[in-house]
Amino acid sequence: MKTMAQYSFFILFIILLQAFGFDASSGSKADKEYELLVVTVATEETDGFKRFLRSTDKYDVNVKVVGMGEEWTGGDIVNWPGGGQKINLLKTALEEYKDRDDLILLFSDSYDVIFTTGAEEIIRKFQEMDANLVISAESSIWPDPTLASQYPEPEVGYPFVCSGLYMGYAPYFWSALTYRDIADKDDDQLFYTQLYLDSSRREEWKIKLDHVASLFMNLNGARDDVKLLFEGANSMLQNTKYRTVPAIIHGNGPSKLYLNQLGNYLANYWTQDKGCLACGEERIDLRTIEETEYPVVMLALFIEQQTPFIDEYFKNIEDFNYPKNKMHLYIHVNVMLHYHHAKNFAAKWENEYLSTTTVIPAYERSEGEARDEALNLCNEVECDYHFVIDSNVRLFNPEILKRLIEQNKPVIAPMVNIPDKLWSNFWGEVNLEGYYARSDDYVDIVKGNRKGVWNVPFVSTVYLIQGKRVRSPNTPSYVSAHMDPDMKICKDLRDQGIFMYVMNIYEAGRILNMDGVETSHLHNDLWQMSLNPKQWEEKYIHPGYWTAKDPDTDVELICPDVYLFPILSETFADHLVEEMENFGQWSNGGNQDTRLEGGYENVPTRDIHMNQIGYEKHWLYFLSHYVGPICEKLYWGYSGRHYAIMNFVVRYRPDEQPSLRPHHDSSTYTINIALNTQGKDYEGGGARFTRYNCSCIGLKKGWTLMHPGKLTHQHEGLPTTNGTRYIMISFIDP
Ligand SMILES: *[C@@H]1O[C@H](CO)[C@@H](O)[C@H](O)[C@H]1NC(C)=O
Ligand SMILES: *[C@@H]1O[C@H](CO)[C@@H](O)[C@H](O)[C@H]1NC(C)=O
């Protein structure tokens with residue numbers, strides 16, 4: 001009976017349409033002007049919901065939101081059947097449209113949906129399908145697999161109903177919505193599945209599934225069917241299996257994270273021509289805010305492992321261009337070696353920060369507990385932001401905190417990586433077990449070929465969290481019995497539907513390579529030369545070195561074929577001298593020398609060899625990487641290994657050994673680096689080349705002489721008359 005009634009209604013409708021001059025069956029509805037209204041049910045303004053609205057705004061699509069602020073009683077639709085409440089809410093909200101014959105209604109989920117086109121195209125595609133109601137299709141059946149056999153066999157395409165997206169002429173839409181009653185807790189997809197499987201209704205009402213995703217793309221299970229297409233000013237998603245460009249993309253079920261990735265491009269978010277169009281859309285302009293009104297930041301520092309360049313870490317933090325009286329400081333130091341660094345830093349600034357908390361190794365806080373503690377502290381003081389910085393990152397851009405705040409995202413990390421490596425502080429994708437997976441765009445983002453603010457499933461090392469997003473009782477936790485703290489908090493955030501971003505539009509800093517950290521020396525950073533070359537160079541290479549290395553600049557010639565140029569920083573010179581004095585085993589200056597292969601030194605000095613302090617390997621790296629290129633620039637046509645057996649620091653003192661008699665070196669060329677300053681640390685000293693009667697006196701600290709070792713360049717060490725003079729010598733290519 002009910003079917004008959006509906007049938008009569010349908011006939012009546014056709015007659016009505018024909019009465020108004022339209023013929024539904026021949027598709028001439030296309031001649032009529034239809035309005036499109038998108039309806040969605042959302043009870044919370046999640047990040048996904050905001051993304052949905054952004055996309056409909058981009059294409060001027062009219063949206064009616066139903067249920068905002070209402071208590072959700074439709075069940076846990078992620079894990080269990082449910083969602084009947086959606087239909088009941090729609091019934092109330094859409095009754096006023098049930099007779100509108102100039103209206104097309106489109107239901108869309110909103111937490112996990114992105115529109116990629118406007119009403120005109122959506123209506124056109126809908127009308128091409130010659131149906132009154134079109135429901136989206138997917139490859140897996142839910143919630144009742146036993147219904148599979150009742151489905152009509154599709155010729156091509158995805159076979160099963162997905163009720164996250166459907167559309168139809170308003171009267172049909174209404175009929176579908178009301179074809180039977182449904183309880184709030186019942187399953188809406190089952191409701192529509194049963195409607196579709198009712199073959200008489202299906203045919204009478206002309207209900208079709210969008211099998212080939214011409215309108216609706218459900219991503220679950222179809223990941224390999226789609227591909228992002230970049231066409232100049234347009235980024236779109238193509239279904240390569242069925243050669244369609246779907247209008248609306250749905251990250252149903254576990255494909256939500258994949259939708260987040262696609263959302264980095266779709267709906268005019270990023271295009272090949274214009275780059276990141278969405279960057280700054282939600283921007284807060286700090287320049288328009290008085291410093292006294294700046295957001296309050298909880299600065300949370302974590303020193304969980306022995307870390308090179310720790311002084312530079314604290315220096316970066318001290319240098320942030322952000323008022324310290326708008327920041328709280330929390331430090332967890334879990335390494336005895338860095339206890340004093342942390343204590344000193346906290347003591348130095350405790351009067352400037354709003355508060356300081358230092359948690360030392362003796363407190364025996366685990367990493368996860370400490371991270372939770374800091375986040376809870378942030379909540380207690382009602383911080384606006386929580387800024388996490390681990391000890392293995394060097395943030396050399398002092399503006400970066402402001403740049404992050406300005407983006408106004410729930411969680412945002414500045415992209416940092418190990419220089420020239422793909423190791424970074426974000427993942428483009430996580431696999432089903434929650435571990436790292438490489439996204440298609442990962443390399444382009446790390447290398448900066450694509451710049452923007454990217455929605456990603458995992459960030460670590462340095463990131464900013466909006467305080468209001470992690471307030472109790474929704475505070476995520478780092479503590480887990482079987483997961484790293486970073487993985488745990490990101491999982492919590494993902495589970496809450498909170499979007500995390502990584503930003504690579506500004507250079508922010510770098511991650512240190514933490515492999516093979518030496519801890520047994522006075523100045524362990526000296527040993528970082530090849531592990532963290534960029535950071536090492538900043539600390540230890542003389543800034544003038546790069547000019548000297550430039551093929552287009554002249555290097556100063558002081559005597560025939562004797563050049564001088566800056567090479568190592570004053571810090572290097574100080575650290576090397578301190579390291580040698582700390583070691584302390586200076587040779588006695590006699591001819592017998594057990595350190596040498598032959599046991600005999602013809603022209604002995606008071607010295608310590610690099611291999612005695614375990615620095616030989618590093619020094620040889622230095623010779624080939626930094627010294628060799630300049631040698632080959634100055635003595636053109638020469639190419640050597642730039643290798644040396646004799647590498648040593650010499651100490652000249654009036655009462656010990658003040659000078660060295662004329663001699664040749666067993667080298668093709670020699671470098672002679674000044675490690676301290678004439679007039680300040682010593683008097684006298686210098687090198688004299690006997691053949692030319694030409695001397696270099698008072699060589700600046702960190703500068704080197706470079707000269708041929710023998711034959712033409714016999715030389716002597718001039719007497720040091722007061723204090724102590726140190727030089728570093730290498731006999732290169734013996
Ligand atoms: C070497 O040079 C010094 C000073 O430049 C000069 O006093 C001395 O006479 C020179 N000696 C010879 C042998 O030319
Ligand atoms: C040596 O240096 C010290 C301190 O730098 C100074 O007091 C002293 O007078 C100097 N001696 C000579 C002989 O120049």
# chains A, B, ... in the order shown; residues from 1 in each chain; ligands from 1
>>> residues_around(residues="region 226-230 of chain A", least_positions_apart="4", cutoff="8 Å", atoms="only C-alpha atoms", output="PDB file with all heavy atoms, in the first residue's frame")
ATOM      1  N   ALA A 222      39.551   3.313  -1.694  1.00  0.00           N
ATOM      2  CA  ALA A 222      39.700   3.719  -3.096  1.00  0.00           C
ATOM      3  C   ALA A 222      40.933   4.584  -3.300  1.00  0.00           C
ATOM      4  O   ALA A 222      41.069   5.278  -4.287  1.00  0.00           O
ATOM      5  CB  ALA A 222      38.456   4.477  -3.539  1.00  0.00           C
ATOM      6  N   ASN A 234      44.839  25.425 -10.875  1.00  0.00           N
ATOM      7  CA  ASN A 234      43.834  24.542 -10.320  1.00  0.00           C
ATOM      8  C   ASN A 234      44.481  23.244  -9.813  1.00  0.00           C
ATOM      9  O   ASN A 234      45.279  22.634 -10.502  1.00  0.00           O
ATOM     10  CB  ASN A 234      42.825  24.224 -11.431  1.00  0.00           C
ATOM     11  CG  ASN A 234      41.467  23.908 -10.867  1.00  0.00           C
ATOM     12  OD1 ASN A 234      41.309  23.770  -9.647  1.00  0.00           O
ATOM     13  ND2 ASN A 234      40.497  23.772 -11.737  1.00  0.00           N
ATOM     14  N   SER A 235      44.110  22.863  -8.603  1.00  0.00           N
ATOM     15  CA  SER A 235      44.522  21.544  -8.107  1.00  0.00           C
ATOM     16  C   SER A 235      43.261  20.728  -7.936  1.00  0.00           C
ATOM     17  O   SER A 235      42.314  21.192  -7.306  1.00  0.00           O
ATOM     18  CB  SER A 235      45.212  21.664  -6.750  1.00  0.00           C
ATOM     19  OG  SER A 235      46.319  22.522  -6.846  1.00  0.00           O
ATOM     20  N   MET A 236      43.211  19.556  -8.546  1.00  0.00           N
ATOM     21  CA  MET A 236      41.987  18.770  -8.407  1.00  0.00           C
ATOM     22  C   MET A 236      42.301  17.303  -8.195  1.00  0.00           C
ATOM     23  O   MET A 236      43.426  16.853  -8.392  1.00  0.00           O
ATOM     24  CB  MET A 236      41.110  18.942  -9.630  1.00  0.00           C
ATOM     25  CG  MET A 236      41.814  18.691 -10.931  1.00  0.00           C
ATOM     26  SD  MET A 236      40.810  19.453 -12.208  1.00  0.00           S
ATOM     27  CE  MET A 236      42.033  19.943 -13.360  1.00  0.00           C
ATOM     28  N   LEU A 237      41.267  16.584  -7.805  1.00  0.00           N
ATOM     29  CA  LEU A 237      41.431  15.162  -7.579  1.00  0.00           C
ATOM     30  C   LEU A 237      40.773  14.423  -8.727  1.00  0.00           C
ATOM     31  O   LEU A 237      39.604  14.645  -9.051  1.00  0.00           O
ATOM     32  CB  LEU A 237      40.779  14.752  -6.254  1.00  0.00           C
ATOM     33  CG  LEU A 237      41.155  13.328  -5.844  1.00  0.00           C
ATOM     34  CD1 LEU A 237      42.605  13.290  -5.369  1.00  0.00           C
ATOM     35  CD2 LEU A 237      40.237  12.822  -4.739  1.00  0.00           C
ATOM     36  N   GLN A 238      41.563  13.557  -9.315  1.00  0.00           N
ATOM     37  CA  GLN A 238      41.053  12.801 -10.435  1.00  0.00           C
ATOM     38  C   GLN A 238      40.837  11.358  -9.990  1.00  0.00           C
ATOM     39  O   GLN A 238      41.661  10.811  -9.258  1.00  0.00           O
ATOM     40  CB  GLN A 238      42.098  12.841 -11.546  1.00  0.00           C
ATOM     41  CG  GLN A 238      41.573  12.388 -12.872  1.00  0.00           C
ATOM     42  CD  GLN A 238      42.663  12.392 -13.926  1.00  0.00           C
ATOM     43  OE1 GLN A 238      43.836  12.178 -13.604  1.00  0.00           O
ATOM     44  NE2 GLN A 238      42.293  12.645 -15.151  1.00  0.00           N
ATOM     45  N   ASN A 239      39.740  10.766 -10.434  1.00  0.00           N
ATOM     46  CA  ASN A 239      39.572   9.334 -10.249  1.00  0.00           C
ATOM     47  C   ASN A 239      40.096   8.686 -11.519  1.00  0.00           C
ATOM     48  O   ASN A 239      39.466   8.753 -12.573  1.00  0.00           O
ATOM     49  CB  ASN A 239      38.095   8.995 -10.012  1.00  0.00           C
ATOM     50  CG  ASN A 239      37.911   7.524  -9.715  1.00  0.00           C
ATOM     51  OD1 ASN A 239      38.440   6.671 -10.423  1.00  0.00           O
ATOM     52  ND2 ASN A 239      37.156   7.218  -8.657  1.00  0.00           N
ATOM     53  N   THR A 240      41.282   8.106 -11.413  1.00  0.00           N
ATOM     54  CA  THR A 240      41.941   7.600 -12.628  1.00  0.00           C
ATOM     55  C   THR A 240      41.331   6.271 -13.070  1.00  0.00           C
ATOM     56  O   THR A 240      41.465   5.881 -14.220  1.00  0.00           O
ATOM     57  CB  THR A 240      43.450   7.404 -12.377  1.00  0.00           C
ATOM     58  OG1 THR A 240      43.618   6.699 -11.160  1.00  0.00           O
ATOM     59  CG2 THR A 240      44.155   8.738 -12.274  1.00  0.00           C
ATOM     60  N   LYS A 241      40.653   5.605 -12.157  1.00  0.00           N
ATOM     61  CA  LYS A 241      40.053   4.323 -12.509  1.00  0.00           C
ATOM     62  C   LYS A 241      38.850   4.527 -13.433  1.00  0.00           C
ATOM     63  O   LYS A 241      38.681   3.814 -14.409  1.00  0.00           O
ATOM     64  CB  LYS A 241      39.618   3.606 -11.232  1.00  0.00           C
ATOM     65  CG  LYS A 241      39.249   2.158 -11.427  1.00  0.00           C
ATOM     66  CD  LYS A 241      39.097   1.492 -10.062  1.00  0.00           C
ATOM     67  CE  LYS A 241      38.768   0.022 -10.188  1.00  0.00           C
ATOM     68  NZ  LYS A 241      38.538  -0.553  -8.847  1.00  0.00           N
ATOM     69  N   LEU A 262      44.921  15.516   1.166  1.00  0.00           N
ATOM     70  CA  LEU A 262      44.361  16.088  -0.067  1.00  0.00           C
ATOM     71  C   LEU A 262      43.907  17.525   0.172  1.00  0.00           C
ATOM     72  O   LEU A 262      44.013  18.382  -0.704  1.00  0.00           O
ATOM     73  CB  LEU A 262      43.181  15.241  -0.558  1.00  0.00           C
ATOM     74  CG  LEU A 262      43.510  13.810  -0.948  1.00  0.00           C
ATOM     75  CD1 LEU A 262      42.235  13.054  -1.321  1.00  0.00           C
ATOM     76  CD2 LEU A 262      44.496  13.779  -2.112  1.00  0.00           C
ATOM     77  N   THR A 271      48.060  25.790  -5.218  1.00  0.00           N
ATOM     78  CA  THR A 271      48.128  25.461  -6.643  1.00  0.00           C
ATOM     79  C   THR A 271      49.552  25.648  -7.130  1.00  0.00           C
ATOM     80  O   THR A 271      50.338  26.385  -6.542  1.00  0.00           O
ATOM     81  CB  THR A 271      47.198  26.348  -7.503  1.00  0.00           C
ATOM     82  OG1 THR A 271      47.701  27.686  -7.482  1.00  0.00           O
ATOM     83  CG2 THR A 271      45.763  26.331  -7.007  1.00  0.00           C
ATOM     84  N   GLN A 272      49.836  24.968  -8.215  1.00  0.00           N
ATOM     85  CA  GLN A 272      51.171  25.039  -8.800  1.00  0.00           C
ATOM     86  C   GLN A 272      51.545  26.496  -9.150  1.00  0.00           C
ATOM     87  O   GLN A 272      52.645  26.937  -8.894  1.00  0.00           O
ATOM     88  CB  GLN A 272      51.186  24.203 -10.074  1.00  0.00           C
ATOM     89  CG  GLN A 272      52.568  23.796 -10.500  1.00  0.00           C
ATOM     90  CD  GLN A 272      52.772  22.301 -10.313  1.00  0.00           C
ATOM     91  OE1 GLN A 272      52.068  21.488 -10.868  1.00  0.00           O
ATOM     92  NE2 GLN A 272      53.746  21.952  -9.518  1.00  0.00           N
TER      93      GLN A 272
END
>>> closest_atom_pairs(of="chain A", to="ligand 1", cutoff="10 Å", atoms="only C-alpha atoms and all ligand atoms", output="Markdown table")
| residue | atom | partner | partner_atom_place_in_ligand_line | distance |
| --- | --- | --- | --- | --- |
| A:Arg688 | CA | ligand 1 | 1 (C) | 9.4 |
| A:Phe689 | CA | ligand 1 | 1 (C) | 9.9 |
| A:Thr690 | CA | ligand 1 | 1 (C) | 8.6 |
| A:Arg691 | CA | ligand 1 | 13 (C) | 9.3 |
| A:Tyr692 | CA | ligand 1 | 1 (C) | 8.2 |
| A:Asn693 | CA | ligand 1 | 1 (C) | 4.8 |
| A:Cys694 | CA | ligand 1 | 2 (O) | 6.6 |
| A:Ser695 | CA | ligand 1 | 5 (O) | 7.7 |
>>> residues_near_ligand(ligand="ligand 2", cutoff="9 Å", atoms="only C-alpha atoms and all ligand atoms", output="ChimeraX atom specification")
/A:679-683,721-723
>>> write_last_selection(atoms="N, CA and C atoms", output="short mmCIF file (atom, residue, chain, number, x, y, z; two decimals), in the first residue's frame")
data_model
loop_
_atom_site.label_atom_id
_atom_site.label_comp_id
_atom_site.auth_asym_id
_atom_site.auth_seq_id
_atom_site.Cartn_x
_atom_site.Cartn_y
_atom_site.Cartn_z
N GLY A 679 100.91 40.31 21.62
CA GLY A 679 100.66 41.57 22.31
C GLY A 679 99.69 41.40 23.46
N LYS A 680 98.90 40.32 23.41
CA LYS A 680 97.94 40.08 24.49
C LYS A 680 98.35 38.84 25.27
N ASP A 681 98.60 37.77 24.53
CA ASP A 681 98.94 36.50 25.18
C ASP A 681 100.45 36.25 25.20
N TYR A 682 101.14 36.85 24.28
CA TYR A 682 102.60 36.64 24.19
C TYR A 682 103.22 37.82 23.46
N GLU A 683 104.56 37.88 23.54
CA GLU A 683 105.29 38.86 22.74
C GLU A 683 106.32 38.13 21.90
N THR A 721 109.15 36.04 23.28
CA THR A 721 109.94 36.68 24.34
C THR A 721 109.20 36.80 25.66
N ASN A 722 107.90 36.60 25.63
CA ASN A 722 107.13 36.69 26.88
C ASN A 722 105.81 35.94 26.67
N GLY A 723 105.23 35.42 27.74
CA GLY A 723 103.95 34.72 27.66
C GLY A 723 104.06 33.39 26.93
#
>>> residues_around(residues="region 301-315 of chain A", least_positions_apart="6", cutoff="10 Å", atoms="only C-alpha atoms", output="VMD selection string")
chain A and resid 329 to 339 341 to 342 344 to 346 358 to 361 366 to 367 370 to 371 374 387 to 396 461 to 462 512 to 515 517 to 519 523 to 528 532 535 to 536 539
>>> closest_residue(among="A:Ala42, A:Ala93, A:Val381, A:Met327", to="Met68 (chain A)", atoms="only C-alpha atoms")
A:Ala42
>>> select_by_dssp(residues="region 459-662 of chain A", states="alpha helix (DSSP H)", output="PyMOL selection string")
chain A and resi 485-495+533-540+545-549+570-583+616-622+628-634
>>> write_last_selection(atoms="C-alpha atoms", output="short mmCIF file (atom, residue, chain, number, x, y, z; two decimals), in the first residue's frame")
data_model
loop_
_atom_site.label_atom_id
_atom_site.label_comp_id
_atom_site.auth_asym_id
_atom_site.auth_seq_id
_atom_site.Cartn_x
_atom_site.Cartn_y
_atom_site.Cartn_z
CA PRO A 485 55.69 10.34 23.96
CA ASP A 486 55.57 12.21 20.63
CA MET A 487 53.62 9.48 18.91
CA LYS A 488 51.23 9.30 21.81
CA ILE A 489 50.27 12.94 21.90
CA CYS A 490 49.87 13.09 18.13
CA LYS A 491 47.61 10.07 18.28
CA ASP A 492 45.50 11.74 20.97
CA LEU A 493 45.27 14.90 18.89
CA ARG A 494 44.33 12.96 15.75
CA ASP A 495 41.71 11.01 17.68
CA PRO A 533 78.80 20.49 9.77
CA LYS A 534 76.53 23.55 9.46
CA GLN A 535 76.27 24.07 13.20
CA TRP A 536 79.98 23.34 13.61
CA GLU A 537 80.92 25.85 10.92
CA GLU A 538 78.83 28.55 12.56
CA LYS A 539 80.70 28.02 15.78
CA TYR A 540 84.17 27.17 14.61
CA TYR A 545 87.05 31.88 5.49
CA TRP A 546 84.22 31.80 2.95
CA THR A 547 85.51 34.93 1.24
CA ALA A 548 89.00 33.47 1.08
CA LYS A 549 87.55 30.32 -0.46
CA GLU A 570 88.63 32.54 17.90
CA THR A 571 86.35 30.16 19.78
CA PHE A 572 87.95 27.25 18.01
CA ALA A 573 91.43 28.53 18.87
CA ASP A 574 90.47 28.94 22.54
CA HIS A 575 88.80 25.55 22.73
CA LEU A 576 91.68 23.73 21.09
CA VAL A 577 94.24 25.33 23.39
CA GLU A 578 92.10 24.56 26.44
CA GLU A 579 91.62 21.01 25.24
CA MET A 580 95.42 20.60 24.85
CA GLU A 581 96.23 22.16 28.21
CA ASN A 582 93.54 20.01 29.78
CA PHE A 583 95.22 16.95 28.27
CA GLU A 616 93.22 13.04 14.32
CA LYS A 617 90.34 11.65 12.24
CA HIS A 618 88.40 14.88 12.62
CA TRP A 619 91.39 17.00 11.78
CA LEU A 620 92.01 15.02 8.58
CA TYR A 621 88.39 15.69 7.65
CA PHE A 622 89.07 19.36 8.28
CA GLY A 628 92.29 21.44 0.48
CA PRO A 629 89.97 23.66 -1.58
CA ILE A 630 91.92 26.81 -0.71
CA CYS A 631 95.26 25.14 -1.46
CA GLU A 632 94.00 24.16 -4.90
CA LYS A 633 92.75 27.66 -5.48
CA LEU A 634 96.10 29.25 -4.54
#
>>> atom_distance(atom1="CA of Met503 (chain A)", atom2="CA of Pro414 (chain A)")
4.9 Å
>>> closest_residue(among="A:His211, A:Arg725, A:Arg201, A:Lys58", to="Pro654 (chain A)", atoms="only C-alpha atoms")
A:Arg725
>>> closest_residue(among="A:Thr475, A:Glu231, A:Phe648, A:Ala176", to="Tyr615 (chain A)", atoms="only C-alpha atoms")
A:Phe648
>>> residues_around(residues="region 587-590 of chain A", least_positions_apart="4", cutoff="6 Å", atoms="only C-alpha atoms", output="list in words")
Pro604, Thr605, Arg606 and Asp607 of chain A
>>> atom_distance(atom1="CA of Ile505 (chain A)", atom2="CA of Val453 (chain A)")
7.4 Å
>>> residues_around(residues="Arg54 (chain A)", least_positions_apart="4", cutoff="9 Å", atoms="only C-alpha atoms", output="number ranges by chain")
A: 49-50, 58-59, 114-115, 267
>>> atom_distance(atom1="CA of Val650 (chain A)", atom2="CA of Ile608 (chain A)")
6.9 Å
>>> select_by_dssp(residues="region 189-286 of chain A", states="strand (DSSP E or B)", output="PyMOL selection string")
chain A and resi 207-210+216-218+226-231+234-239+244+248-250+270-271+275-276
>>> write_last_selection(atoms="N, CA, C and O atoms", output="compact mmCIF listing (two decimals), in the first residue's frame")
# COMPACT_ATOMS: atom_id res chain seq x y z
N ILE A 207 16.15 6.27 -8.21
CA ILE A 207 17.26 6.45 -7.27
C ILE A 207 18.48 5.77 -7.88
O ILE A 207 18.40 4.61 -8.29
N LYS A 208 19.56 6.47 -7.97
CA LYS A 208 20.77 5.87 -8.54
C LYS A 208 21.96 6.04 -7.60
O LYS A 208 22.00 6.98 -6.80
N LEU A 209 22.89 5.14 -7.75
CA LEU A 209 24.16 5.30 -7.04
C LEU A 209 25.15 5.95 -8.01
O LEU A 209 25.15 5.65 -9.20
N ASP A 210 26.01 6.79 -7.45
CA ASP A 210 27.04 7.43 -8.27
C ASP A 210 28.23 6.46 -8.35
O ASP A 210 29.27 6.67 -7.74
N PHE A 216 30.48 12.23 -6.33
CA PHE A 216 30.90 11.96 -4.95
C PHE A 216 32.03 10.94 -4.90
O PHE A 216 31.88 9.83 -5.40
N MET A 217 33.13 11.32 -4.25
CA MET A 217 34.25 10.40 -4.11
C MET A 217 34.39 9.99 -2.66
O MET A 217 34.79 10.80 -1.82
N ASN A 218 34.07 8.73 -2.37
CA ASN A 218 34.34 8.19 -1.03
C ASN A 218 35.72 7.55 -1.06
O ASN A 218 35.97 6.62 -1.82
N VAL A 226 42.62 7.25 -6.97
CA VAL A 226 42.62 8.71 -7.15
C VAL A 226 44.03 9.28 -7.19
O VAL A 226 44.97 8.68 -6.67
N LYS A 227 44.10 10.44 -7.80
CA LYS A 227 45.40 11.09 -7.96
C LYS A 227 45.19 12.60 -8.00
O LYS A 227 44.24 13.07 -8.64
N LEU A 228 46.07 13.33 -7.31
CA LEU A 228 45.98 14.78 -7.39
C LEU A 228 46.50 15.22 -8.75
O LEU A 228 47.49 14.69 -9.26
N LEU A 229 45.82 16.19 -9.31
CA LEU A 229 46.19 16.69 -10.63
C LEU A 229 46.45 18.18 -10.47
O LEU A 229 45.59 18.91 -9.97
N PHE A 230 47.63 18.61 -10.88
CA PHE A 230 47.95 20.03 -10.77
C PHE A 230 47.91 20.65 -12.15
O PHE A 230 48.74 20.31 -13.01
N GLU A 231 46.94 21.49 -12.36
CA GLU A 231 46.87 22.16 -13.66
C GLU A 231 46.95 23.65 -13.44
O GLU A 231 45.94 24.33 -13.32
N ASN A 234 44.84 25.43 -10.87
CA ASN A 234 43.83 24.54 -10.32
C ASN A 234 44.48 23.24 -9.81
O ASN A 234 45.28 22.63 -10.50
N SER A 235 44.11 22.86 -8.60
CA SER A 235 44.52 21.54 -8.11
C SER A 235 43.26 20.73 -7.94
O SER A 235 42.31 21.19 -7.31
N MET A 236 43.21 19.56 -8.55
CA MET A 236 41.99 18.77 -8.41
C MET A 236 42.30 17.30 -8.20
O MET A 236 43.43 16.85 -8.39
N LEU A 237 41.27 16.58 -7.81
CA LEU A 237 41.43 15.16 -7.58
C LEU A 237 40.77 14.42 -8.73
O LEU A 237 39.60 14.64 -9.05
N GLN A 238 41.56 13.56 -9.31
CA GLN A 238 41.05 12.80 -10.44
C GLN A 238 40.84 11.36 -9.99
O GLN A 238 41.66 10.81 -9.26
N ASN A 239 39.74 10.77 -10.43
CA ASN A 239 39.57 9.33 -10.25
C ASN A 239 40.10 8.69 -11.52
O ASN A 239 39.47 8.75 -12.57
N THR A 244 37.06 10.21 -13.88
CA THR A 244 36.15 11.29 -13.49
C THR A 244 36.92 12.28 -12.61
O THR A 244 37.99 11.95 -12.10
N ILE A 248 32.87 16.31 -5.00
CA ILE A 248 32.89 16.38 -3.54
C ILE A 248 33.66 15.17 -3.01
O ILE A 248 33.40 14.04 -3.42
N ILE A 249 34.60 15.43 -2.13
CA ILE A 249 35.51 14.37 -1.67
C ILE A 249 35.23 14.07 -0.20
O ILE A 249 35.22 14.97 0.63
N HIS A 250 35.04 12.80 0.09
CA HIS A 250 34.64 12.36 1.43
C HIS A 250 35.69 11.41 2.01
O HIS A 250 35.93 10.34 1.44
N TRP A 270 46.20 25.14 -2.35
CA TRP A 270 47.55 25.29 -2.90
C TRP A 270 47.49 24.96 -4.38
O TRP A 270 46.89 23.95 -4.75
N THR A 271 48.06 25.79 -5.22
CA THR A 271 48.13 25.46 -6.64
C THR A 271 49.55 25.65 -7.13
O THR A 271 50.34 26.39 -6.54
N GLY A 275 50.97 28.80 -5.56
CA GLY A 275 51.48 28.33 -4.27
C GLY A 275 50.37 28.26 -3.24
O GLY A 275 49.23 27.94 -3.56
N CYS A 276 50.73 28.61 -1.99
CA CYS A 276 49.77 28.42 -0.90
C CYS A 276 48.80 29.59 -0.82
O CYS A 276 49.13 30.66 -0.33
